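A.B. asks: mmCIF, C-alpha atoms, file run29.cif:
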```cif
data_protein
loop_
_atom_site.label_atom_id
_atom_site.label_comp_id
_atom_site.auth_asym_id
_atom_site.auth_seq_id
_atom_site.Cartn_x
_atom_site.Cartn_y
_atom_site.Cartn_z
CA MET A 20 96.46 131.67 115.09
CA ASN A 21 96.24 132.12 118.82
CA PRO A 22 98.57 129.53 120.47
CA THR A 23 96.61 129.56 123.76
CA LYS A 24 93.43 128.69 121.95
CA THR A 25 95.22 125.91 120.07
CA ASN A 26 96.48 124.45 123.34
CA GLU A 27 92.99 124.64 124.78
CA ASP A 28 91.60 122.87 121.75
CA LYS A 29 94.26 120.20 122.03
CA GLU A 30 93.55 119.65 125.72
CA LYS A 31 89.88 119.41 124.97
CA ALA A 32 90.58 116.87 122.21
CA ILE A 33 92.74 114.82 124.59
CA GLN A 34 90.00 114.87 127.22
CA LEU A 35 87.51 113.67 124.62
CA ILE A 36 89.55 110.56 123.79
CA ASP A 37 87.52 107.49 124.63
CA LYS A 38 89.46 105.63 127.34
CA ILE A 39 87.64 102.39 126.65
CA ILE A 40 88.72 102.26 123.02
CA HIS A 41 92.14 103.81 123.66
CA GLU A 42 93.53 100.69 125.37
CA PRO A 43 95.71 99.01 122.64
CA ALA A 44 94.15 95.52 122.77
CA ARG A 45 90.62 96.92 122.77
CA LEU A 46 91.54 99.32 119.97
CA ILE A 47 92.69 96.48 117.73
CA ILE A 48 89.55 94.45 118.56
CA VAL A 49 87.27 97.39 117.75
CA ALA A 50 89.22 98.16 114.56
CA HIS A 51 88.75 94.58 113.36
CA LEU A 52 85.06 94.54 114.21
CA PHE A 53 84.70 97.90 112.45
CA VAL A 54 85.64 96.43 109.06
CA VAL A 55 83.36 93.39 109.24
CA GLU A 56 79.68 92.93 109.93
CA SER A 57 80.20 90.25 112.59
CA ALA A 58 82.90 87.79 113.59
CA ASP A 59 83.58 85.16 116.22
CA PHE A 60 86.32 84.83 118.86
CA LEU A 61 88.48 82.58 116.69
CA PHE A 62 88.51 85.05 113.81
CA LEU A 63 89.55 87.86 116.16
CA GLN A 64 92.23 85.67 117.70
CA ARG A 65 93.71 84.80 114.29
CA GLN A 66 93.58 88.36 113.01
CA THR A 67 94.80 90.21 116.11
CA GLY A 68 97.23 87.68 117.58
CA LEU A 69 95.73 88.21 121.03
CA THR A 70 95.10 85.28 123.36
CA TRP A 71 91.65 83.84 124.00
CA GLY A 72 91.54 85.07 127.60
CA ASN A 73 92.72 88.52 126.59
CA ILE A 74 90.03 88.89 123.93
CA SER A 75 87.40 87.55 126.31
CA SER A 76 88.17 90.07 129.07
CA HIS A 77 88.36 93.04 126.71
CA VAL A 78 85.18 92.05 124.90
CA ARG A 79 83.41 91.97 128.26
CA LYS A 80 84.50 95.58 128.90
CA LEU A 81 83.40 96.64 125.42
CA GLU A 82 80.09 94.87 125.94
CA ASP A 83 79.58 96.64 129.29
CA ALA A 84 80.18 99.97 127.53
CA GLY A 85 77.55 99.02 124.92
CA TYR A 86 80.10 99.05 122.09
CA VAL A 87 79.92 95.37 121.26
CA SER A 88 76.96 93.02 121.17
CA VAL A 89 77.52 89.35 121.90
CA GLU A 90 75.15 86.85 120.37
CA LYS A 91 75.12 83.23 121.40
CA GLU A 92 73.57 80.62 119.16
CA PHE A 93 73.84 76.94 118.35
CA VAL A 94 75.55 75.90 115.11
CA ASP A 95 75.46 72.16 114.41
CA LYS A 96 74.43 71.57 118.03
CA LYS A 97 77.53 73.42 119.27
CA PRO A 98 77.40 76.78 121.07
CA HIS A 99 78.77 79.61 118.96
CA THR A 100 79.41 83.21 119.99
CA THR A 101 79.28 86.01 117.44
CA LEU A 102 80.51 89.54 118.12
CA LYS A 103 79.20 92.64 116.45
CA LEU A 104 80.05 96.31 116.83
CA THR A 105 76.92 98.18 117.87
CA ASP A 106 75.88 101.51 116.33
CA LYS A 107 77.11 103.17 119.52
CA GLY A 108 80.45 101.37 119.20
CA ARG A 109 80.76 102.30 115.53
CA ALA A 110 80.06 105.96 116.32
CA ALA A 111 82.49 105.89 119.26
CA PHE A 112 85.25 104.47 117.06
CA LYS A 113 84.68 107.12 114.39
CA GLU A 114 84.77 109.80 117.08
CA TYR A 115 87.95 108.29 118.54
CA ARG A 116 89.69 108.43 115.15
CA LYS A 117 88.64 112.04 114.76
CA SER A 118 89.91 112.98 118.22
CA MET A 119 93.24 111.24 117.68
CA LYS A 120 93.72 112.98 114.35
CA GLN A 121 93.02 116.30 116.02
CA VAL A 122 95.56 115.60 118.78
CA PHE A 123 98.37 114.63 116.43
CA GLU A 124 97.63 117.04 113.61
CA ASP A 125 99.35 120.04 115.21
CA LEU A 126 102.36 118.22 116.65
CA PRO A 127 105.69 119.33 115.16
CA GLU A 128 107.70 116.80 113.10
CA MET B 3 101.59 96.61 120.56
CA ASN B 4 103.41 99.07 118.39
CA GLN B 5 101.76 98.28 115.07
CA LYS B 6 100.08 101.08 113.19
CA ILE B 7 96.30 100.86 112.98
CA ASN B 8 95.46 101.02 109.29
CA ILE B 9 91.76 100.36 108.70
CA LYS B 10 92.12 99.69 104.98
CA GLU B 11 94.93 97.23 105.62
CA ILE B 12 92.93 95.48 108.37
CA ALA B 13 89.94 95.16 106.02
CA ARG B 14 92.15 93.86 103.21
CA LYS B 15 93.89 91.33 105.47
CA ALA B 16 90.61 90.10 106.96
CA TYR B 17 89.14 89.56 103.51
CA THR B 18 92.14 88.00 101.78
CA SER B 19 92.91 85.63 104.66
CA TYR B 20 89.41 84.23 104.20
CA HIS B 21 90.23 83.41 100.56
CA GLN B 22 93.74 82.05 101.06
CA ASP B 23 92.47 78.50 101.51
CA GLY B 24 92.47 77.62 97.79
CA ILE B 25 88.85 76.41 97.93
CA LEU B 26 87.71 78.93 95.34
CA ASP B 27 90.48 77.74 93.00
CA ILE B 28 89.57 74.07 93.49
CA SER B 29 85.89 74.84 92.83
CA ILE B 30 86.66 76.75 89.63
CA SER B 31 89.08 74.07 88.41
CA SER B 32 86.48 71.36 89.02
CA ILE B 33 84.06 73.16 86.68
CA ILE B 34 86.75 73.49 83.98
CA LEU B 35 87.78 69.84 84.35
CA ALA B 36 84.14 68.72 84.28
CA PHE B 37 83.76 70.45 80.91
CA ALA B 38 86.94 68.78 79.66
CA ILE B 39 85.73 65.33 80.81
CA MET B 40 82.34 66.09 79.26
CA MET B 41 84.03 66.65 75.90
CA PHE B 42 86.28 63.60 76.24
CA THR B 43 83.47 61.22 77.21
CA ASP B 44 80.54 62.89 75.43
CA MET B 45 78.45 63.23 78.59
CA PRO B 46 76.71 66.63 78.26
CA TRP B 47 74.91 66.32 81.62
CA LEU B 48 78.28 66.54 83.35
CA GLY B 49 78.70 70.16 82.25
CA GLY B 50 75.24 71.00 83.56
CA ILE B 51 75.68 69.63 87.05
CA SER B 52 79.31 70.71 87.47
CA SER B 53 78.38 74.26 88.57
CA VAL B 54 75.89 72.99 91.16
CA LEU B 55 78.42 70.46 92.48
CA ALA B 56 81.17 73.08 92.58
CA MET B 57 78.98 75.49 94.57
CA SER B 58 78.01 72.74 97.02
CA PHE B 59 81.67 71.79 97.36
CA TYR B 60 82.62 75.44 97.97
CA ALA B 61 80.06 75.88 100.77
CA GLY B 62 80.88 72.52 102.36
CA ALA B 63 84.65 72.97 102.17
CA LYS B 64 84.48 76.48 103.68
CA LYS B 65 82.52 75.01 106.58
CA THR B 66 84.89 72.05 106.98
CA PHE B 67 88.30 73.64 106.42
CA THR B 68 88.10 77.41 106.75
CA VAL B 69 85.68 78.23 109.58
CA PRO B 70 87.18 75.80 112.16
CA ARG B 71 90.64 77.25 111.41
CA ILE B 72 90.25 80.99 111.03
CA GLY B 73 86.81 81.44 112.49
CA TYR B 74 83.51 82.74 111.30
CA VAL B 75 83.20 86.20 109.76
CA LYS B 76 80.46 87.99 107.92
CA PHE B 77 81.60 90.76 105.62
CA PRO B 78 79.62 93.94 105.03
CA GLN B 79 76.86 93.75 102.44
CA GLN B 80 78.78 96.23 100.26
CA ARG B 81 81.23 93.49 99.30
CA VAL B 82 78.48 90.97 98.60
CA LYS B 83 76.79 93.66 96.49
CA ARG B 84 79.97 94.01 94.43
CA ILE B 85 79.96 90.30 93.58
CA ASN B 86 76.25 90.37 92.75
CA ILE B 87 76.69 93.41 90.48
CA GLY B 88 79.54 91.61 88.67
CA LEU B 89 77.42 88.50 88.14
CA PHE B 90 74.44 90.59 87.04
CA VAL B 91 76.49 92.51 84.46
CA LEU B 92 77.95 89.26 83.13
CA GLY B 93 74.52 87.63 82.93
CA LEU B 94 73.10 90.68 81.15
CA LEU B 95 75.94 90.73 78.61
CA SER B 96 75.61 87.00 77.91
CA PHE B 97 71.85 87.41 77.49
CA ALA B 98 72.28 90.37 75.13
CA VAL B 99 74.80 88.51 72.94
CA ALA B 100 72.63 85.36 72.90
CA MET B 101 69.52 87.36 71.97
CA MET B 102 71.35 89.24 69.24
CA ALA B 103 72.67 85.97 67.80
CA PHE B 104 69.22 84.37 67.98
CA VAL B 105 67.39 87.28 66.33
CA GLN B 106 69.93 87.68 63.54
CA THR B 107 70.21 83.93 62.90
CA THR B 108 66.46 83.38 62.59
CA GLY B 109 66.04 86.44 60.35
CA GLU B 110 68.64 86.12 57.63
CA GLY B 111 70.87 83.18 58.52
CA ALA B 112 73.97 83.35 60.71
CA PRO B 113 75.43 86.89 60.77
CA SER B 114 79.07 87.40 59.85
CA TRP B 115 80.15 88.40 63.36
CA LEU B 116 78.66 85.17 64.75
CA MET B 117 80.40 83.15 62.07
CA PHE B 118 83.65 84.89 62.99
CA LEU B 119 83.18 83.97 66.66
CA ILE B 120 82.39 80.37 65.76
CA GLU B 121 85.27 80.02 63.31
CA ASN B 122 87.70 81.46 65.85
CA TYR B 123 86.18 79.54 68.76
CA MET B 124 89.51 79.23 70.57
CA LEU B 125 89.82 83.00 70.77
CA THR B 126 86.14 83.35 71.69
CA ILE B 127 86.33 80.83 74.54
CA GLY B 128 89.66 82.31 75.64
CA ALA B 129 88.18 85.82 75.76
CA ILE B 130 85.12 84.63 77.74
CA GLY B 131 87.32 82.69 80.19
CA THR B 132 89.68 85.65 80.60
CA CYS B 133 86.74 87.98 81.31
CA LEU B 134 85.33 85.54 83.87
CA PHE B 135 88.65 85.35 85.72
CA LEU B 136 89.03 89.15 85.62
CA LEU B 137 85.54 89.45 87.08
CA ALA B 138 86.35 86.89 89.79
CA GLY B 139 89.56 88.78 90.62
CA TYR B 140 87.66 92.04 90.90
CA SER B 141 84.78 90.57 92.90
CA PHE B 142 86.84 88.49 95.34
CA ARG B 143 89.83 90.83 95.39
CA THR B 144 92.18 87.92 94.81
CA ASN B 145 95.15 88.78 92.64
CA ARG B 146 95.81 85.21 91.58
CA MET B 147 92.59 85.31 89.53
CA TYR B 148 94.31 87.88 87.31
CA THR B 149 97.15 85.40 86.82
CA TYR B 150 94.59 82.75 85.80
CA ALA B 151 93.09 85.30 83.38
CA LEU B 152 96.50 85.82 81.82
CA LEU B 153 97.12 82.06 81.68
CA THR B 154 93.75 81.53 79.97
CA ALA B 155 94.46 84.26 77.42
CA VAL B 156 97.93 82.90 76.60
CA LEU B 157 96.74 79.28 76.44
CA PHE B 158 93.82 79.95 74.10
CA VAL B 159 95.72 82.34 71.82
CA PHE B 160 98.31 79.57 71.57
CA GLY B 161 95.48 77.13 70.86
CA HIS B 162 94.22 79.32 68.04
CA PHE B 163 97.49 78.93 66.17
CA ILE B 164 98.54 75.41 67.20
CA TYR B 165 95.68 72.98 66.85
CA PHE B 166 94.85 70.55 69.61
CA PRO B 167 91.26 69.66 70.56
CA LEU B 168 89.71 72.18 72.99
CA GLN B 169 89.44 69.63 75.81
CA TYR B 170 93.23 69.36 76.01
CA TYR B 171 93.53 73.07 76.68
CA LEU B 172 90.74 72.91 79.25
CA THR B 173 92.52 70.00 80.95
CA VAL B 174 95.82 71.91 81.14
CA LEU B 175 94.08 74.99 82.54
CA GLY B 176 91.98 72.97 85.01
CA ILE B 177 94.89 70.90 86.29
CA THR B 178 97.11 73.99 86.73
CA ILE B 179 94.44 75.78 88.79
CA LEU B 180 93.59 72.61 90.73
CA ALA B 181 97.26 72.02 91.60
CA TYR B 182 97.67 75.59 92.82
CA GLY B 183 94.41 75.40 94.79
CA LEU B 184 95.43 72.15 96.47
CA ALA B 185 98.87 73.56 97.33
CA MET B 186 97.16 76.59 98.89
CA LEU B 187 94.78 74.38 100.86
CA VAL B 188 97.67 72.29 102.24
CA ARG B 189 99.57 75.45 103.18
CA PHE B 190 96.43 76.89 104.79
CA ILE B 191 95.80 73.74 106.86
CA ARG B 192 99.43 73.72 108.03
CA LYS B 193 99.42 77.43 108.84
CA TYR B 194 96.13 77.36 110.73
CA PRO B 195 95.64 74.21 112.78
CA LYS B 196 92.13 73.58 114.10
CA ALA B 197 91.40 75.66 117.18
CA THR B 198 91.17 73.71 120.42
CA GLU B 199 90.07 76.51 122.73
CA THR B 200 86.53 77.76 122.67
CA ALA B 201 84.91 80.84 124.10
CA ASP B 202 81.77 78.85 124.76
CA ALA B 203 83.33 76.18 126.97
#
```
Output the file's structure as structure tokens, nothing else.

C.D. replies:
Amino acid sequence: MNPTKTNEDKEKAIQLIDKIIHEPARLIIVAHLFVVESADFLFLQRQTGLTWGNISSHVRKLEDAGYVSVEKEFVDKKPHTTLKLTDKGRAAFKEYRKSMKQVFEDLPE
Amino acid sequence: MNQKINIKEIARKAYTSYHQDGILDISISSIILAFAIMMFTDMPWLGGISSVLAMSFYAGAKKTFTVPRIGYVKFPQQRVKRINIGLFVLGLLSFAVAMMAFVQTTGEGAPSWLMFLIENYMLTIGAIGTCLFLLAGYSFRTNRMYTYALLTAVLFVFGHFIYFPLQYYLTVLGITILAYGLAMLVRFIRKYPKATETADA
């Protein structure tokens, strides 16, 4: 195997890493939304251990990127926000996992 | 944040935390106890409405206790499909056995296998109960259902050899599950107080 080519591949894989998902708090939010169909802020807070404000700001960034859709509705006359990973977000997360695997695969023990 | 991202573990945790409130256990125990009371008091209608009441209780309690504490979540349809398949298979099996018993009974009197099941009713009921708990454990991915399956099997095998009326065994089983469910609910309420913050404020 040509080591130069391997390095090039690795650099390319690193460049392909999605910076929006790569941030740790956003990564854990996306990972949790990946395994469910939809969830609300409270569920994410309980599962991730992140604060309300933290989740709120990161969700806004994910929403701006088109990775998360935010739906507001009324449940028992109270406003309720539901979060869902969009198809784009789902594909981006899958791609991110693939890229990360590629980066770490060739690292020595 | 130095924790490892494990998708399977996240999915497992998300699902099990939703069923750690003991509400499923309380609902199941209420059906068992309703059947026991039905046999004690000779009120057959109680057995009929117990399932409807238990389902209403389950939905209401989830809304009252679980959602305000750990939030709302909708799981992928795959999981719901798994529960539906389980219920469908069980319904189909029950129907097949009932049909077979009906056809053979009307034709040439009660068949020997049916007589065996009736004579050893403790073992029959125990086997049905054990299968139901195994199915619930598989469908809801809750390990304690397997413990209830084992408890049911042990209790009814015991009942086959040491005679006490069936309702006593149902009462013991129902109260054990109810006690565990209530303990889980209390622990759940203590662990997850109602959220005060809201993203919609």

A.B. asks: I need the contact residues of chain B against chain A, so if you could list those with any atom within 6 Å, counting all atoms listed in the file, and return them as an mmCIF file with C-alpha atoms, in the frame of the given file, that would help.

C.D. replies:
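Wrote selection-v8.cif, looks like this:
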```
data_model
loop_
_atom_site.group_PDB
_atom_site.id
_atom_site.type_symbol
_atom_site.label_atom_id
_atom_site.label_comp_id
_atom_site.auth_asym_id
_atom_site.auth_seq_id
_atom_site.Cartn_x
_atom_site.Cartn_y
_atom_site.Cartn_z
ATOM 1 C CA ALA B 13 89.940 95.160 106.020
ATOM 2 C CA ILE B 72 90.250 80.990 111.030
ATOM 3 C CA GLY B 73 86.810 81.440 112.490
ATOM 4 C CA TYR B 74 83.510 82.740 111.300
ATOM 5 C CA VAL B 75 83.200 86.200 109.760
ATOM 6 C CA LYS B 76 80.460 87.990 107.920
ATOM 7 C CA PHE B 77 81.600 90.760 105.620
ATOM 8 C CA PRO B 78 79.620 93.940 105.030
#
```

A.B. asks: Translate the PyMOL selection byres ((chain B and resi 31-44) around 6) into a concrete residue list for this structure, as a PyMOL selection string.

C.D. replies: chain B and resi 28-30+45-46+48-49+52+169+172-173+176+179-180

A.B. asks: Which neighbours of Ile36 of chain A fall inside 10 Å, counting all atoms listed in the file, when residues of the same chain fewer than 2 positions from it are skipped, and could you give them as a ChimeraX atom specification?

C.D. replies: /A:31-34,38-41,111,114-119,122

A.B. asks: Only C-alpha atoms, please: the residues just picked out, written as a PDB file, in the frame of the given file.

C.D. replies:
```pdb
ATOM      1  CA  LYS A  31      89.880 119.410 124.970  1.00  0.00           C
ATOM      2  CA  ALA A  32      90.580 116.870 122.210  1.00  0.00           C
ATOM      3  CA  ILE A  33      92.740 114.820 124.590  1.00  0.00           C
ATOM      4  CA  GLN A  34      90.000 114.870 127.220  1.00  0.00           C
ATOM      5  CA  LYS A  38      89.460 105.630 127.340  1.00  0.00           C
ATOM      6  CA  ILE A  39      87.640 102.390 126.650  1.00  0.00           C
ATOM      7  CA  ILE A  40      88.720 102.260 123.020  1.00  0.00           C
ATOM      8  CA  HIS A  41      92.140 103.810 123.660  1.00  0.00           C
ATOM      9  CA  ALA A 111      82.490 105.890 119.260  1.00  0.00           C
ATOM     10  CA  GLU A 114      84.770 109.800 117.080  1.00  0.00           C
ATOM     11  CA  TYR A 115      87.950 108.290 118.540  1.00  0.00           C
ATOM     12  CA  ARG A 116      89.690 108.430 115.150  1.00  0.00           C
ATOM     13  CA  LYS A 117      88.640 112.040 114.760  1.00  0.00           C
ATOM     14  CA  SER A 118      89.910 112.980 118.220  1.00  0.00           C
ATOM     15  CA  MET A 119      93.240 111.240 117.680  1.00  0.00           C
ATOM     16  CA  VAL A 122      95.560 115.600 118.780  1.00  0.00           C
TER      17      VAL A 122
END
```

A.B. asks: Evaluate the PyMOL selection byres ((chain B and resi 187-191) around 10) on the structure here and hand back the selected residues as an NGL selection string.

C.D. replies: :B and (19 or 21-25 or 27-28 or 67-68 or 71-72 or 181-186 or 192-196)

A.B. asks: By how many Å are atom CA of Ala110 of chain A and atom CA of Arg45 of chain A apart?

C.D. replies: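 Separation between atom CA of Ala110 of chain A and atom CA of Arg45 of chain A: 15.3 Å.
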
A.B. asks: Could you list the residues chosen by the PyMOL selection byres ((chain B and resi 135) around 7) in this structure as a compact mmCIF listing (two decimals) with C-alpha atoms, in the coordinates of the input?

C.D. replies:
```
# COMPACT_ATOMS: atom_id res chain seq x y z
CA GLY B 131 87.32 82.69 80.19
CA THR B 132 89.68 85.65 80.60
CA CYS B 133 86.74 87.98 81.31
CA LEU B 134 85.33 85.54 83.87
CA LEU B 136 89.03 89.15 85.62
CA LEU B 137 85.54 89.45 87.08
CA ALA B 138 86.35 86.89 89.79
CA GLY B 139 89.56 88.78 90.62
CA MET B 147 92.59 85.31 89.53
CA TYR B 148 94.31 87.88 87.31
CA TYR B 150 94.59 82.75 85.80
CA ALA B 151 93.09 85.30 83.38
```

A.B. asks: Find the spatial neighbours of Ile85 of chain B, counting only C-alpha atoms, within a cut-off of 8 Å - ignore same-chain residues fewer than 3 positions away - and output them as a compact mmCIF listing (two decimals) with C-alpha atoms, keeping the file's coordinate frame.

C.D. replies:
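The result, written out as around-v6.txt:
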```txt
# COMPACT_ATOMS: atom_id res chain seq x y z
CA ARG B 81 81.23 93.49 99.30
CA VAL B 82 78.48 90.97 98.60
CA GLY B 88 79.54 91.61 88.67
CA LEU B 89 77.42 88.50 88.14
CA SER B 141 84.78 90.57 92.90
CA PHE B 142 86.84 88.49 95.34
```

A.B. asks: B:Met102, B:Leu168, B:Leu94, B:Ala16: which is nearest Leu125 of chain B, counting all atoms listed in the file?

C.D. replies: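 The shortest atom-to-atom distance to Leu125 of chain B comes from B:Leu168.
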
A.B. asks: Kindly indicate which residue among B:Tyr17, B:Phe104, B:Trp47, B:Tyr170 lies nearest to Met124 of chain B, using only C-alpha atoms for the distances.

C.D. replies: B:Tyr170

A.B. asks: Can you work out the spacing between atom CA of Ile127 of chain B and atom CA of Leu153 of chain B in Å, to one decimal?

C.D. replies: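 Separation of atom CA of Ile127 of chain B and atom CA of Leu153 of chain B: 13.0 Å.
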
A.B. asks: Taking every listed atom of segment 37-54 of chain A and adding 5 Å to each side, what centre and edge lengths in Å (one decimal) does the axis-aligned box have, as AutoDock Vina command-line options?

C.D. replies:
```
--center_x 90.2 --center_y 101.0 --center_z 118.2 --size_x 21.0 --size_y 23.0 --size_z 28.3
```

A.B. asks: Using all atoms listed in the file, which residue out of B:Val91, B:Arg84, B:Phe118, B:Lys64 lies closest to Arg143 of chain B?

C.D. replies: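 Among B:Val91, B:Arg84, B:Phe118, B:Lys64, it is B:Arg84 that comes nearest to Arg143 of chain B.
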
A.B. asks: Counting all atoms listed in the file, which of A:Ile48, A:Glu27, A:Lys120, A:Glu42 gets nearest to Val78 of chain A?

C.D. replies: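 Checking each of A:Ile48, A:Glu27, A:Lys120, A:Glu42 against Val78 of chain A, counting all atoms listed in the file, the winner is A:Ile48.
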